[in-house]
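For reference, the structure discussed in these notes is given below.
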Amino acid sequence: MKETIIALLDEALAALKQQGLVPADTAPRYKVDPTKDKAHGDYASNLAMTLAKPAGKPPREIAQALVDALPESPAVRHVEIAGPGFLNFFAATDAVAQVVKTVLETGDTYGRSLVGAGEKVQVEFVSANPTGPLHVGHGRGAAIGDCLCRLLEATGYDVTREFYYNDAGAQIQNLALSVQARARGLSPDHPSWPEDGYRGGYIIDVAESYLAGDTVDADDQHVTAAADPDDLDAIRRFAVAYLRREQDLDLKAFGVEFDVYFLESSLYRDGKVAATAERLADKGHTYEQDGATWLRTTDFGDDKDRVMRKRDGDYTYFLPDVAYHLDKWQRGFTTVINEQGADHHSTVTRVRAGLQALEAGIPPGWPDYVLHQMVLVTRSGEEVKLSKRAGSYVTLRDLIDEVGRDATRYFLAARRADSQLTFDIDLARSQSNDNPVYYVQYAHARLCSVMRKAEADERPFDHDLAMDNLVRLESDQEKALMNRLARYPEVIAHAAANREPQQIAQYLQDLAADFHTCYNAVKVMVDDAALRNARLALGLATRQVLRNGLDLLGVSAPEEM
RNA sequence: GCGCCCAUAGCUCAACCGGAUAGAGCAACGGCCUUCUAAGCCGUGGGUUGCAGGUUCAAGUCCUGCUGGGCGCGCCA
């Protein structure tokens, strides 16, 4: 429908150029958008307004000329000029109803596109170090990152989900010492407890499992405990595997799986950190000062230079970060999206500067970042801070256990990443109309119920009869619903291009609202077979789009509630 | 002090590369189940989009300066 209108307008524009009303070299960037108000028809265009300046005439005058030049089309019932010069298109019912046919023909693939075909995209997200259970912030990253991946897949990209973690640094040593202390029966208040040790109760579980000689299988780690409290190296390996397994279990319960687990230690082992340091020095962007080696990141937009090798000879975390991103580039990812907490935003400039200093042909501004703000969890209006397992923070597992996977995913993905999020546990777990997740899922369940009714009445859906009678879907509510269905592909494209998964949640709320309104206004199972089947077709199409959209969020579409 | 992000109805949030009268849900009030799931629908009230300028035919959206909040500013990650 939209394409039809664009084609008509392009013809009219060509005619105006012919008449000399508009300079022949004018190439306006105009829009044809669905209207918010049905009094404005189905679609509106701002073409006349964009032509006002080049033509040197008032927009409404241009609009009239465009209307006069507009070719007849069976899809368009009539056109109005309104407001400052909008062209409002009122679509013919059967043109609007074509979307029902399209949805039923394309099914699961409705809304998908191939704009990213052939392009490899990597999304790095969660990337928690294996020093404890995942917290709510990781959950937000997991929800946003995974939905982004689904969106990118839906727009044709070849997506790799990647999880990066440090398995060998000071934090891991600290973890090993903490587990060792627990294995020796010490508690955090004991004088020999390691300074800055991990105090959470989960460390006890790790220690007990280690002493029991357990074998753990994580997605990327398989280790059997040595059970010897003096073997710190064995403890370290076991603790990392144990906590990785815990994280994987949480992520699986959340419906998130990764293609690649990337270990920071592998960058050292494969000589990539050293090679990166050498290359930076070769390109002349480093200098020695105070016994340390610095990278002149200020040449690439940073506000101060950064130490890349410390006085003690070790590299700072920053250098493996650069080496890691160079590796991503060399793996052929033209687009890389890093989903991280906004508390790490300072690394953005630094990593990009480091990559530029390599002079490796990496575009400035590569990679992309999606940064999410903090999550505040509340219950009964009070902030929730503590968790039994982790001690100092609310875990992802706590939320999944308490409010369920669907509601947790939905709540964490349904808000813009760059705004702070309040996760209201009471709201998320309420099985009532307060809860937006159920509102959308209920629409799906209701439609399934209608289909069951059709079967039970032995008046099953007749596809051919329905297709011949789509023109019968002529109420305002049905047209609004069909126009909403028609917008879905654009919503996906826009959400993917802008890396904004919350737009899918928003769309689903709108779609569900249009459906519920329609459901209350128009009875499906009427005796008129032609009308009944047309309405069943609309119901099937709506159910399909609800399913497709919920799938993008990783939320289930229940058949009954 | 410097940098990044945010500020929209009483509350939680939308608003599609700038478009018409800024929209939903919750909360408040009034209606709708002998009819396909009332976890629903219909209606009423609720706004100087933090403040002040600027660009534009058109600004919640873009620019500048303020105010308020979050995060960051380590030879930690």
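Chain lettering (A, B, ...) mirrors the order of the structure tokens, residue numbering begins at 1 for each chain separately, and ligand numbering begins at 1 in order of display.
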
Taking only C-alpha atoms (C1' of nucleotides) into account, find every residue of chain B that has an atom no more than 10 Å from chain A, and write it out as a PyMOL selection string.
chain B and resi 2-7+12-14+16-17+19-21+23-26+32+35-37+39-42+57-58+70-73+75-77

Write out as number ranges by chain which residues come within 10 Å of segment 320-330 of chain A when counting only C-alpha atoms (C1' of nucleotides), dropping same-chain ones fewer than 6 positions away.
A: 122, 164, 262-268, 271-277, 308, 336, 347, 350-358, 360-362, 366-367

Those residues you just picked out, can you put them in a file as an mmCIF file, in the first residue's frame with N, CA and C atoms?
```cif
data_model
loop_
_atom_site.group_PDB
_atom_site.id
_atom_site.type_symbol
_atom_site.label_atom_id
_atom_site.label_comp_id
_atom_site.auth_asym_id
_atom_site.auth_seq_id
_atom_site.Cartn_x
_atom_site.Cartn_y
_atom_site.Cartn_z
ATOM 1 N N GLN A 122 28.691 -9.228 14.554
ATOM 2 C CA GLN A 122 28.911 -9.857 15.846
ATOM 3 C C GLN A 122 28.324 -8.982 16.932
ATOM 4 N N TYR A 164 32.681 -12.582 26.148
ATOM 5 C CA TYR A 164 34.114 -12.414 26.399
ATOM 6 C C TYR A 164 34.342 -12.360 27.898
ATOM 7 N N PHE A 262 34.867 -16.222 24.365
ATOM 8 C CA PHE A 262 36.215 -15.785 24.060
ATOM 9 C C PHE A 262 36.961 -15.504 25.355
ATOM 10 N N LEU A 263 38.112 -16.189 25.532
ATOM 11 C CA LEU A 263 38.879 -16.033 26.768
ATOM 12 C C LEU A 263 39.977 -14.992 26.606
ATOM 13 N N GLU A 264 40.020 -14.101 27.570
ATOM 14 C CA GLU A 264 41.087 -13.106 27.534
ATOM 15 C C GLU A 264 42.458 -13.784 27.527
ATOM 16 N N SER A 265 42.569 -14.892 28.243
ATOM 17 C CA SER A 265 43.876 -15.571 28.329
ATOM 18 C C SER A 265 44.360 -16.032 26.951
ATOM 19 N N SER A 266 43.415 -16.310 26.045
ATOM 20 C CA SER A 266 43.831 -16.799 24.729
ATOM 21 C C SER A 266 44.563 -15.717 23.941
ATOM 22 N N LEU A 267 44.266 -14.462 24.253
ATOM 23 C CA LEU A 267 44.945 -13.360 23.559
ATOM 24 C C LEU A 267 46.426 -13.336 23.932
ATOM 25 N N TYR A 268 46.701 -13.660 25.197
ATOM 26 C CA TYR A 268 48.098 -13.731 25.638
ATOM 27 C C TYR A 268 48.750 -14.979 25.057
ATOM 28 N N GLY A 271 49.768 -14.791 21.559
ATOM 29 C CA GLY A 271 50.692 -13.712 21.234
ATOM 30 C C GLY A 271 50.034 -12.476 20.652
ATOM 31 N N LYS A 272 48.698 -12.411 20.764
ATOM 32 C CA LYS A 272 48.012 -11.274 20.144
ATOM 33 C C LYS A 272 48.179 -9.982 20.933
ATOM 34 N N VAL A 273 48.325 -10.120 22.243
ATOM 35 C CA VAL A 273 48.536 -8.917 23.044
ATOM 36 C C VAL A 273 49.904 -8.322 22.725
ATOM 37 N N ALA A 274 50.913 -9.170 22.713
ATOM 38 C CA ALA A 274 52.272 -8.695 22.424
ATOM 39 C C ALA A 274 52.357 -8.114 21.019
ATOM 40 N N ALA A 275 51.705 -8.780 20.065
ATOM 41 C CA ALA A 275 51.746 -8.313 18.687
ATOM 42 C C ALA A 275 51.086 -6.949 18.563
ATOM 43 N N THR A 276 49.995 -6.756 19.312
ATOM 44 C CA THR A 276 49.297 -5.472 19.277
ATOM 45 C C THR A 276 50.180 -4.373 19.852
ATOM 46 N N ALA A 277 50.849 -4.684 20.954
ATOM 47 C CA ALA A 277 51.755 -3.706 21.567
ATOM 48 C C ALA A 277 52.868 -3.326 20.602
ATOM 49 N N MET A 308 49.574 1.594 28.597
ATOM 50 C CA MET A 308 49.276 0.270 28.052
ATOM 51 C C MET A 308 50.145 -0.812 28.682
ATOM 52 N N VAL A 336 30.269 -4.696 14.371
ATOM 53 C CA VAL A 336 30.364 -5.286 15.701
ATOM 54 C C VAL A 336 29.599 -4.385 16.653
ATOM 55 N N THR A 347 35.379 3.173 28.203
ATOM 56 C CA THR A 347 36.218 2.333 27.344
ATOM 57 C C THR A 347 35.944 2.573 25.859
ATOM 58 N N ARG A 350 38.393 4.908 24.269
ATOM 59 C CA ARG A 350 39.727 4.328 24.413
ATOM 60 C C ARG A 350 39.968 3.194 23.406
ATOM 61 N N VAL A 351 39.004 2.290 23.329
ATOM 62 C CA VAL A 351 39.161 1.162 22.413
ATOM 63 C C VAL A 351 39.195 1.652 20.965
ATOM 64 N N ARG A 352 38.305 2.576 20.633
ATOM 65 C CA ARG A 352 38.296 3.094 19.262
ATOM 66 C C ARG A 352 39.607 3.802 18.942
ATOM 67 N N ALA A 353 40.121 4.548 19.916
ATOM 68 C CA ALA A 353 41.390 5.251 19.698
ATOM 69 C C ALA A 353 42.517 4.251 19.489
ATOM 70 N N GLY A 354 42.532 3.215 20.314
ATOM 71 C CA GLY A 354 43.561 2.188 20.188
ATOM 72 C C GLY A 354 43.513 1.530 18.818
ATOM 73 N N LEU A 355 42.298 1.280 18.323
ATOM 74 C CA LEU A 355 42.146 0.636 17.014
ATOM 75 C C LEU A 355 42.622 1.558 15.891
ATOM 76 N N GLN A 356 42.351 2.843 16.022
ATOM 77 C CA GLN A 356 42.820 3.785 15.012
ATOM 78 C C GLN A 356 44.347 3.836 14.999
ATOM 79 N N ALA A 357 44.939 3.779 16.189
ATOM 80 C CA ALA A 357 46.391 3.860 16.297
ATOM 81 C C ALA A 357 47.075 2.668 15.633
ATOM 82 N N LEU A 358 46.336 1.589 15.463
ATOM 83 C CA LEU A 358 46.910 0.409 14.798
ATOM 84 C C LEU A 358 47.102 0.646 13.308
ATOM 85 N N ALA A 360 45.116 -0.020 10.876
ATOM 86 C CA ALA A 360 44.817 -1.300 10.236
ATOM 87 C C ALA A 360 43.642 -1.195 9.262
ATOM 88 N N GLY A 361 43.258 0.042 8.941
ATOM 89 C CA GLY A 361 42.154 0.215 8.004
ATOM 90 C C GLY A 361 40.786 0.061 8.634
ATOM 91 N N ILE A 362 40.754 0.099 9.955
ATOM 92 C CA ILE A 362 39.470 0.014 10.655
ATOM 93 C C ILE A 362 38.818 1.399 10.631
ATOM 94 N N TRP A 366 34.278 2.609 14.672
ATOM 95 C CA TRP A 366 34.051 1.167 14.780
ATOM 96 C C TRP A 366 34.698 0.698 16.082
ATOM 97 N N PRO A 367 34.077 -0.149 16.862
ATOM 98 C CA PRO A 367 32.756 -0.768 16.716
ATOM 99 C C PRO A 367 31.624 0.083 17.273
#
```

Residues at most 12 Å from U64 of chain B, counting only C-alpha atoms (C1' of nucleotides), excluding those fewer than 6 positions away in the same chain, as an MDAnalysis selection string?
chainID B and resid 52:55

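Shortest separation to Asp219 of chain A among A:Asp248, A:Glu339, A:Asp282, A:Asp205 occurs at residue A:Asp248, atoms counted being only C-alpha atoms.
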
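Going from atom CA of Gln98 of chain A over to atom CA of Asn533 of chain A, you cover 14.8 Å.
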
Give me the residues within 12 Å of A28 of chain B as a PDB file with all heavy atoms, in the first residue's frame, counting only C-alpha atoms (C1' of nucleotides) and dropping any in the same chain fewer than 6 places off.
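Output saved as result-v2.pdb:
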```pdb
ATOM      1  P     G B  10       0.991  15.482  36.583  1.00  0.00           P
ATOM      2  OP1   G B  10      -0.234  16.174  36.942  1.00  0.00           O
ATOM      3  OP2   G B  10       2.222  16.216  36.208  1.00  0.00           O
ATOM      4  O5'   G B  10       1.371  14.462  37.752  1.00  0.00           O
ATOM      5  C5'   G B  10       1.677  14.937  39.059  1.00  0.00           C
ATOM      6  C4'   G B  10       1.589  13.777  40.020  1.00  0.00           C
ATOM      7  O4'   G B  10       0.206  13.343  40.079  1.00  0.00           O
ATOM      8  C3'   G B  10       2.368  12.536  39.587  1.00  0.00           C
ATOM      9  O3'   G B  10       3.700  12.574  40.063  1.00  0.00           O
ATOM     10  C2'   G B  10       1.566  11.398  40.207  1.00  0.00           C
ATOM     11  O2'   G B  10       1.874  11.238  41.569  1.00  0.00           O
ATOM     12  C1'   G B  10       0.134  11.926  40.084  1.00  0.00           C
ATOM     13  N9    G B  10      -0.535  11.529  38.833  1.00  0.00           N
ATOM     14  C8    G B  10      -1.055  12.384  37.903  1.00  0.00           C
ATOM     15  N7    G B  10      -1.599  11.765  36.892  1.00  0.00           N
ATOM     16  C5    G B  10      -1.426  10.418  37.166  1.00  0.00           C
ATOM     17  C6    G B  10      -1.807   9.272  36.433  1.00  0.00           C
ATOM     18  O6    G B  10      -2.396   9.214  35.353  1.00  0.00           O
ATOM     19  N1    G B  10      -1.432   8.094  37.080  1.00  0.00           N
ATOM     20  C2    G B  10      -0.767   8.034  38.274  1.00  0.00           C
ATOM     21  N2    G B  10      -0.477   6.815  38.724  1.00  0.00           N
ATOM     22  N3    G B  10      -0.393   9.102  38.975  1.00  0.00           N
ATOM     23  C4    G B  10      -0.761  10.248  38.364  1.00  0.00           C
ATOM     24  P     U B  44     -14.325  10.701  26.258  1.00  0.00           P
ATOM     25  OP1   U B  44     -14.657  11.862  25.403  1.00  0.00           O
ATOM     26  OP2   U B  44     -13.041   9.993  26.075  1.00  0.00           O
ATOM     27  O5'   U B  44     -14.439  11.139  27.784  1.00  0.00           O
ATOM     28  C5'   U B  44     -15.617  11.773  28.269  1.00  0.00           C
ATOM     29  C4'   U B  44     -15.459  12.130  29.721  1.00  0.00           C
ATOM     30  O4'   U B  44     -15.405  10.918  30.520  1.00  0.00           O
ATOM     31  C3'   U B  44     -14.164  12.848  30.078  1.00  0.00           C
ATOM     32  O3'   U B  44     -14.223  14.239  29.788  1.00  0.00           O
ATOM     33  C2'   U B  44     -14.040  12.557  31.569  1.00  0.00           C
ATOM     34  O2'   U B  44     -14.901  13.391  32.328  1.00  0.00           O
ATOM     35  C1'   U B  44     -14.554  11.115  31.639  1.00  0.00           C
ATOM     36  N1    U B  44     -13.458  10.140  31.578  1.00  0.00           N
ATOM     37  C2    U B  44     -12.778   9.864  32.754  1.00  0.00           C
ATOM     38  O2    U B  44     -13.044  10.400  33.809  1.00  0.00           O
ATOM     39  N3    U B  44     -11.772   8.957  32.645  1.00  0.00           N
ATOM     40  C4    U B  44     -11.372   8.287  31.507  1.00  0.00           C
ATOM     41  O4    U B  44     -10.445   7.483  31.564  1.00  0.00           O
ATOM     42  C5    U B  44     -12.113   8.622  30.328  1.00  0.00           C
ATOM     43  C6    U B  44     -13.114   9.518  30.409  1.00  0.00           C
ATOM     44  P     G B  45     -12.921  14.996  29.263  1.00  0.00           P
ATOM     45  OP1   G B  45     -13.363  16.320  28.755  1.00  0.00           O
ATOM     46  OP2   G B  45     -12.168  14.077  28.384  1.00  0.00           O
ATOM     47  O5'   G B  45     -12.088  15.226  30.594  1.00  0.00           O
ATOM     48  C5'   G B  45     -12.586  16.102  31.603  1.00  0.00           C
ATOM     49  C4'   G B  45     -11.879  15.852  32.899  1.00  0.00           C
ATOM     50  O4'   G B  45     -12.028  14.462  33.260  1.00  0.00           O
ATOM     51  C3'   G B  45     -10.372  16.051  32.880  1.00  0.00           C
ATOM     52  O3'   G B  45     -10.006  17.416  32.982  1.00  0.00           O
ATOM     53  C2'   G B  45      -9.934  15.214  34.064  1.00  0.00           C
ATOM     54  O2'   G B  45     -10.188  15.885  35.278  1.00  0.00           O
ATOM     55  C1'   G B  45     -10.875  14.012  33.945  1.00  0.00           C
ATOM     56  N9    G B  45     -10.245  12.927  33.177  1.00  0.00           N
ATOM     57  C8    G B  45     -10.512  12.536  31.886  1.00  0.00           C
ATOM     58  N7    G B  45      -9.772  11.536  31.485  1.00  0.00           N
ATOM     59  C5    G B  45      -8.968  11.251  32.581  1.00  0.00           C
ATOM     60  C6    G B  45      -7.962  10.272  32.762  1.00  0.00           C
ATOM     61  O6    G B  45      -7.572   9.423  31.950  1.00  0.00           O
ATOM     62  N1    G B  45      -7.402  10.333  34.019  1.00  0.00           N
ATOM     63  C2    G B  45      -7.749  11.228  34.995  1.00  0.00           C
ATOM     64  N2    G B  45      -7.090  11.147  36.145  1.00  0.00           N
ATOM     65  N3    G B  45      -8.689  12.149  34.853  1.00  0.00           N
ATOM     66  C4    G B  45      -9.251  12.104  33.629  1.00  0.00           C
ATOM     67  P     G B  46      -8.944  18.031  31.971  1.00  0.00           P
ATOM     68  OP1   G B  46      -8.961  19.489  32.157  1.00  0.00           O
ATOM     69  OP2   G B  46      -9.187  17.447  30.635  1.00  0.00           O
ATOM     70  O5'   G B  46      -7.562  17.474  32.519  1.00  0.00           O
ATOM     71  C5'   G B  46      -7.110  17.808  33.828  1.00  0.00           C
ATOM     72  C4'   G B  46      -6.028  16.858  34.248  1.00  0.00           C
ATOM     73  O4'   G B  46      -6.512  15.497  34.158  1.00  0.00           O
ATOM     74  C3'   G B  46      -4.772  16.847  33.388  1.00  0.00           C
ATOM     75  O3'   G B  46      -3.887  17.905  33.717  1.00  0.00           O
ATOM     76  C2'   G B  46      -4.180  15.481  33.709  1.00  0.00           C
ATOM     77  O2'   G B  46      -3.483  15.497  34.941  1.00  0.00           O
ATOM     78  C1'   G B  46      -5.447  14.625  33.853  1.00  0.00           C
ATOM     79  N9    G B  46      -5.747  13.893  32.622  1.00  0.00           N
ATOM     80  C8    G B  46      -6.660  14.217  31.650  1.00  0.00           C
ATOM     81  N7    G B  46      -6.687  13.370  30.661  1.00  0.00           N
ATOM     82  C5    G B  46      -5.727  12.416  31.004  1.00  0.00           C
ATOM     83  C6    G B  46      -5.299  11.240  30.326  1.00  0.00           C
ATOM     84  O6    G B  46      -5.710  10.802  29.247  1.00  0.00           O
ATOM     85  N1    G B  46      -4.305  10.572  31.024  1.00  0.00           N
ATOM     86  C2    G B  46      -3.782  10.977  32.228  1.00  0.00           C
ATOM     87  N2    G B  46      -2.837  10.219  32.755  1.00  0.00           N
ATOM     88  N3    G B  46      -4.178  12.067  32.885  1.00  0.00           N
ATOM     89  C4    G B  46      -5.142  12.727  32.212  1.00  0.00           C
TER      90        G B  46
END
```

Just the residues within 9 Å of A22 of chain B, please, counting only C-alpha atoms (C1' of nucleotides), with nothing from its chain fewer than 3 positions along; format it as a PyMOL selection string.
chain B and resi 8+15+47+49+60
